[in-house]
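Structure data follow from model_4.cif (mmCIF, C-alpha atoms):
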data_entry
#
loop_
_atom_site.label_atom_id
_atom_site.label_comp_id
_atom_site.auth_asym_id
_atom_site.auth_seq_id
_atom_site.Cartn_x
_atom_site.Cartn_y
_atom_site.Cartn_z
CA MET A 1 -73.34 17.50 180.78
CA VAL A 2 -74.01 14.52 178.50
CA ILE A 3 -73.72 16.68 175.37
CA CYS A 4 -70.51 18.36 176.56
CA SER A 5 -69.00 15.02 177.53
CA THR A 6 -69.88 13.56 174.14
CA VAL A 7 -68.28 16.45 172.27
CA ILE A 8 -65.15 16.25 174.41
CA GLY A 9 -65.05 12.50 173.90
CA LEU A 10 -64.87 12.94 170.13
CA TYR A 11 -61.54 14.74 170.50
CA VAL A 12 -60.05 12.59 173.25
CA GLN A 13 -57.29 10.22 172.21
CA ASN A 14 -57.22 8.28 175.47
CA ILE A 15 -58.16 8.55 179.14
CA ASN A 16 -54.58 9.28 180.16
CA SER A 17 -54.48 12.41 178.01
CA VAL A 18 -57.63 13.72 179.73
CA LEU A 19 -56.26 13.04 183.21
CA GLN A 20 -52.97 14.76 182.36
CA TRP A 21 -54.83 17.80 181.09
CA ILE A 22 -57.05 18.02 184.16
CA VAL A 23 -54.35 17.39 186.77
CA SER A 24 -51.45 19.33 185.28
CA ALA A 25 -52.93 21.89 182.89
CA LEU A 26 -56.34 22.85 184.26
CA TYR A 27 -55.16 22.86 187.88
CA GLY A 28 -52.46 25.33 186.91
CA GLY A 29 -55.18 27.87 186.21
CA TYR A 30 -57.23 26.86 189.23
CA ILE A 31 -54.79 27.01 192.12
CA ALA A 32 -53.88 30.71 192.16
CA ALA A 33 -57.44 32.01 192.65
CA ASN A 34 -58.33 29.38 195.22
CA VAL A 35 -55.24 30.12 197.33
CA LEU A 36 -55.47 33.89 197.18
CA LYS A 37 -59.12 33.92 198.27
CA TRP A 38 -58.02 32.71 201.72
CA HIS A 39 -54.70 34.46 202.19
CA TRP A 40 -54.95 37.99 200.77
CA TRP A 41 -57.44 40.51 202.09
CA ARG A 42 -57.46 42.61 198.90
CA PHE A 43 -58.47 39.69 196.67
CA ASN A 44 -62.11 39.90 195.55
CA GLY A 45 -64.72 38.33 193.30
CA SER A 46 -63.47 40.14 190.21
CA GLY A 47 -59.96 38.85 190.77
CA PHE A 48 -61.29 35.33 191.27
CA PHE A 49 -63.32 35.50 188.05
CA TRP A 50 -60.53 36.82 185.84
CA GLY A 51 -57.94 34.54 187.41
CA MET A 52 -60.04 31.45 186.76
CA LEU A 53 -60.99 32.63 183.26
CA ALA A 54 -57.36 33.28 182.30
CA GLY A 55 -56.34 29.86 183.58
CA ILE A 56 -59.15 27.98 181.85
CA PHE A 57 -58.64 29.71 178.49
CA GLY A 58 -54.91 29.11 178.78
CA ALA A 59 -55.52 25.41 179.45
CA ILE A 60 -57.68 25.24 176.33
CA LEU A 61 -55.46 27.28 174.00
CA LEU A 62 -51.93 26.12 174.88
CA PRO A 63 -52.45 22.55 173.61
CA GLN A 64 -53.58 24.01 170.27
CA PHE A 65 -50.27 25.85 169.83
CA PHE A 66 -48.07 23.15 171.40
CA PRO A 67 -49.81 19.85 170.58
CA ASP A 68 -46.70 17.72 171.13
CA THR A 69 -45.92 19.14 174.58
CA LEU A 70 -46.73 17.10 177.67
CA PRO A 71 -49.55 18.87 179.59
CA LEU A 72 -47.45 18.71 182.75
CA TYR A 73 -45.17 21.37 181.26
CA TYR A 74 -48.11 23.80 180.91
CA PHE A 75 -48.56 23.98 184.67
CA PRO A 76 -46.12 26.82 185.55
CA PHE A 77 -47.20 28.93 182.57
CA LEU A 78 -50.89 28.52 183.39
CA PHE A 79 -50.24 29.30 187.04
CA VAL A 80 -48.47 32.56 186.15
CA LEU A 81 -51.19 33.44 183.62
CA SER A 82 -53.92 32.81 186.18
CA LEU A 83 -52.00 34.75 188.82
CA PHE A 84 -51.75 37.72 186.46
CA GLY A 85 -55.50 37.55 185.86
CA CYS A 86 -56.09 37.45 189.63
CA PHE A 87 -53.97 40.54 190.28
CA ALA A 88 -55.34 42.46 187.30
CA GLY A 89 -58.95 41.71 188.14
CA THR A 90 -58.40 42.62 191.79
CA TRP A 91 -56.50 45.89 191.33
CA LEU A 92 -58.81 47.11 188.56
CA SER A 93 -61.87 46.74 190.77
CA LYS A 94 -62.96 48.19 194.09
CA PRO A 95 -61.95 46.36 197.29
CA THR A 96 -64.54 44.48 199.26
CA GLU A 97 -66.27 46.51 201.95
CA ASP A 98 -64.48 46.60 205.30
CA ALA A 99 -67.52 45.30 207.15
CA VAL A 100 -67.54 42.12 205.05
CA LEU A 101 -63.79 41.60 205.38
CA ILE A 102 -63.83 42.17 209.13
CA ASP A 103 -66.72 39.76 209.59
CA PHE A 104 -64.90 37.11 207.54
CA TYR A 105 -61.66 37.66 209.42
CA VAL A 106 -63.32 37.45 212.84
CA ARG A 107 -65.06 34.20 211.93
CA VAL A 108 -62.24 32.45 210.06
CA ARG A 109 -58.96 34.00 211.37
CA PRO A 110 -57.15 33.15 208.10
CA TRP A 111 -53.40 33.02 207.61
CA GLY A 112 -51.54 35.28 205.22
CA PHE A 113 -51.75 38.95 204.31
CA TRP A 114 -54.56 40.13 206.59
CA ARG A 115 -52.70 42.61 208.77
CA ALA A 116 -54.67 45.64 207.52
CA ILE A 117 -57.98 43.96 208.32
CA HIS A 118 -56.69 42.64 211.64
CA GLN A 119 -55.88 46.18 212.74
CA LYS A 120 -59.33 47.41 211.74
CA ALA A 121 -60.95 44.47 213.50
CA LEU A 122 -59.02 45.27 216.69
CA GLU A 123 -60.46 48.79 216.66
CA LYS A 124 -63.95 47.29 216.88
CA TYR A 125 -63.14 44.23 218.98
CA PRO A 126 -60.17 44.82 221.30
CA ASP A 127 -60.35 41.26 222.65
CA LEU A 128 -59.82 39.73 219.21
CA LYS A 129 -56.89 37.31 219.06
CA LYS A 130 -54.94 36.01 216.11
CA ASN A 131 -55.07 32.36 215.15
CA ASP A 132 -52.18 30.77 217.05
CA HIS A 133 -52.71 27.18 215.84
CA PHE A 134 -50.49 27.30 212.75
CA LYS A 135 -48.64 24.03 213.43
CA ARG A 136 -51.86 22.18 214.18
CA ASP A 137 -53.52 23.51 211.04
CA MET A 138 -50.56 22.57 208.83
CA PHE A 139 -50.55 19.07 210.31
CA ASN A 140 -54.25 18.74 209.57
CA VAL A 141 -53.69 19.93 206.01
CA ALA A 142 -51.08 17.21 205.47
CA VAL A 143 -53.36 14.54 206.97
CA GLY A 144 -56.29 15.88 204.94
CA ILE A 145 -54.32 15.50 201.69
CA ILE A 146 -53.65 11.84 202.51
CA TRP A 147 -57.33 11.40 203.44
CA GLN A 148 -58.50 12.85 200.12
CA CYS A 149 -56.02 10.74 198.15
CA CYS A 150 -57.46 7.63 199.78
CA LEU A 151 -60.97 8.67 198.75
CA THR A 152 -59.72 8.85 195.17
CA LEU A 153 -57.76 5.60 195.27
CA ILE A 154 -60.42 3.38 196.86
CA PRO A 155 -62.90 3.44 193.92
CA MET A 156 -59.98 3.01 191.48
CA TYR A 157 -58.78 -0.11 193.32
CA ILE A 158 -62.34 -1.44 193.33
CA VAL A 159 -62.62 -1.01 189.55
CA ILE A 160 -59.26 -2.65 188.78
CA GLN A 161 -59.89 -5.29 191.50
CA GLN A 162 -56.59 -4.79 193.31
CA ARG A 163 -57.35 -6.14 196.76
CA GLN A 164 -54.10 -5.29 198.54
CA GLY A 165 -54.19 -1.65 197.49
CA LEU A 166 -57.88 -1.43 198.40
CA VAL A 167 -57.39 -2.81 201.91
CA THR A 168 -54.38 -0.56 202.52
CA SER A 169 -56.27 2.53 201.32
CA ILE A 170 -59.28 1.73 203.50
CA LEU A 171 -57.01 1.24 206.52
CA ILE A 172 -55.20 4.55 205.94
CA LEU A 173 -58.54 6.28 205.36
CA GLY A 174 -59.82 5.02 208.70
CA ILE A 175 -56.70 6.17 210.57
CA THR A 176 -56.66 9.62 208.97
CA THR A 177 -60.39 10.00 209.60
CA LEU A 178 -59.87 9.40 213.32
CA ILE A 179 -56.98 11.88 213.40
CA LEU A 180 -59.02 14.56 211.64
CA LYS A 181 -62.00 13.88 213.88
CA LYS A 182 -59.92 14.41 217.03
CA ASN A 183 -57.50 17.09 215.88
CA TRP A 184 -59.72 19.12 213.53
CA TYR A 185 -63.47 18.53 213.68
CA ASP A 186 -63.84 18.34 217.46
CA LYS A 187 -61.61 21.37 218.01
CA MET A 188 -63.38 23.30 215.26
CA SER A 189 -66.68 22.78 217.10
CA ARG A 190 -65.18 24.21 220.31
CA GLU A 191 -63.78 27.18 218.40
CA GLU A 192 -67.24 27.85 216.94
CA ASP A 193 -68.61 27.92 220.49
CA GLU A 194 -65.91 30.45 221.39
CA TYR A 195 -66.92 32.52 218.37
CA ASP A 196 -70.57 32.46 219.46
CA ALA A 197 -69.52 33.68 222.92
CA PHE A 198 -67.47 36.43 221.28
CA ILE A 199 -70.48 37.48 219.19
CA ALA A 200 -72.75 37.44 222.21
CA LYS A 201 -70.31 39.62 224.16
CA TYR A 202 -70.29 42.34 221.50
CA GLY A 203 -73.93 41.95 220.54
CA LEU A 204 -73.20 41.39 216.85
CA ASN A 205 -76.65 40.22 215.86
CA GLU A 206 -76.17 41.09 212.21
CA ASN A 207 -73.04 38.91 212.05
CA LYS A 208 -74.87 36.10 213.80
CA GLU A 209 -77.51 36.17 211.07
CA MET A 210 -74.82 36.15 208.36
CA LYS A 211 -73.25 33.09 209.96
#

Using structure tokens, write down the structure from this file.
Amino acid sequence: MVICSTVIGLYVQNINSVLQWIVSALYGGYIAANVLKWHWWRFNGSGFFWGMLAGIFGAILLPQFFPDTLPLYYFPFLFVLSLFGCFAGTWLSKPTEDAVLIDFYVRVRPWGFWRAIHQKALEKYPDLKKNDHFKRDMFNVAVGIIWQCCLTLIPMYIVIQQRQGLVTSILILGITTLILKKNWYDKMSREEDEYDAFIAKYGLNENKEMK
């Protein structure tokens, strides 16, 4: 890590250029794979690998061909490039085994394009219900984004010694932590108990071990 950081540092003009590249360019090749892995049943490890690889190489190569372009403008192109890599890697490889997909679906109940797996899961577990907490989950996502932003801002305000911003960030962090504790973590624990009861009912010892 020290060697890589030193080499990168030799080519860095300023900190701002690095942050722009990471936030706008590199993330463009990172988002597609990390969204699809939750929301599309057909997506697999090969698709994840090639999607990430396409995005990372794009983030490295584009600045070489367009050195005067703001990295923010790379984002949509890198996203599309990574998305193409995800689809190509997925469709050119075998799908994940049904047993693995069903086990994941039963445990997580993800949103998105999981209808095919939901139908197969129902054949094995007729009592299986879809996740009906969409609004709650989306609210928690929004609160979680604010919570994570505060975690990033607090050390920055400490370094630049901006007291007002630091106090405000700590206050918001505390409020969002309480909300997530009550509306996410506590309810997630109860849902895990429900899952354990579901497993016990069907005698899925092998899934229990996987968990």

Item checked: Matched chain/residue IDs from the PyMOL selection byres ((chain A and resi 129-136) around 8), as a PyMOL selection string -> chain A and resi 109-111+127-128+137-140+183

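One distance worth recording is that between atom CA of A:Tyr30 and atom CA of A:Ile60, which is 13.0 Å.
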
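Distance annotation: of A:Asn44, A:Thr69, A:Ser82, A:Thr168, the residue with the minimal separation from A:Pro95 is A:Asn44; atom set is all atoms listed in the file.
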
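Note that atom CA of A:Leu81 and atom CA of A:Phe49 are 13.1 Å apart.
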
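Residues in contact with stretch 112-117 of chain A at 10 Å, where all atoms listed in the file are counted and same-chain residues fewer than 3 positions away are skipped, are listed as Leu36, Trp38, His39, Trp40, Trp41, Arg42, Asp98, Ala99, Leu101, Ile102, Asp103, Phe104, Tyr105, Val106, Arg109, Lys120, Ala121, Leu122 and Glu123 of chain A.
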
Checklist line | Expected answer as an MDAnalysis selection string: all residues with atoms within 10 Å of (-56.8, 4.2, 205.2), all atoms listed in the file | finding: chainID A and resid 146:147 149:151 154 166:177

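For the choices A:Cys86, A:Tyr202, A:Ile160, A:Tyr27, the atom-to-atom distance to A:Phe48 is smallest for A:Cys86 when using only C-alpha atoms.
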
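Counting from atom CA of A:Leu153, the distance to atom CA of A:Lys187 is 27.9 Å.
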
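Remark: for A:Lys181, the closest of the candidate residues A:Gly51, A:Pro76, A:Pro63, A:Gly144 is A:Gly144 (distances computed over only C-alpha atoms).
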
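Closest to A:Trp50 among A:Asn34, A:Asp68, A:Gly85, A:Ser93 is A:Gly85, based on only C-alpha atoms.
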
Exercise on stretch 105-113 of chain A, axis-aligned box with 3 Å per side, report centre and edge lengths in Å to one decimal, as AutoDock Vina command-line options:
--center_x -58.3 --center_y 35.7 --center_z 208.6 --size_x 19.5 --size_y 12.5 --size_z 14.5
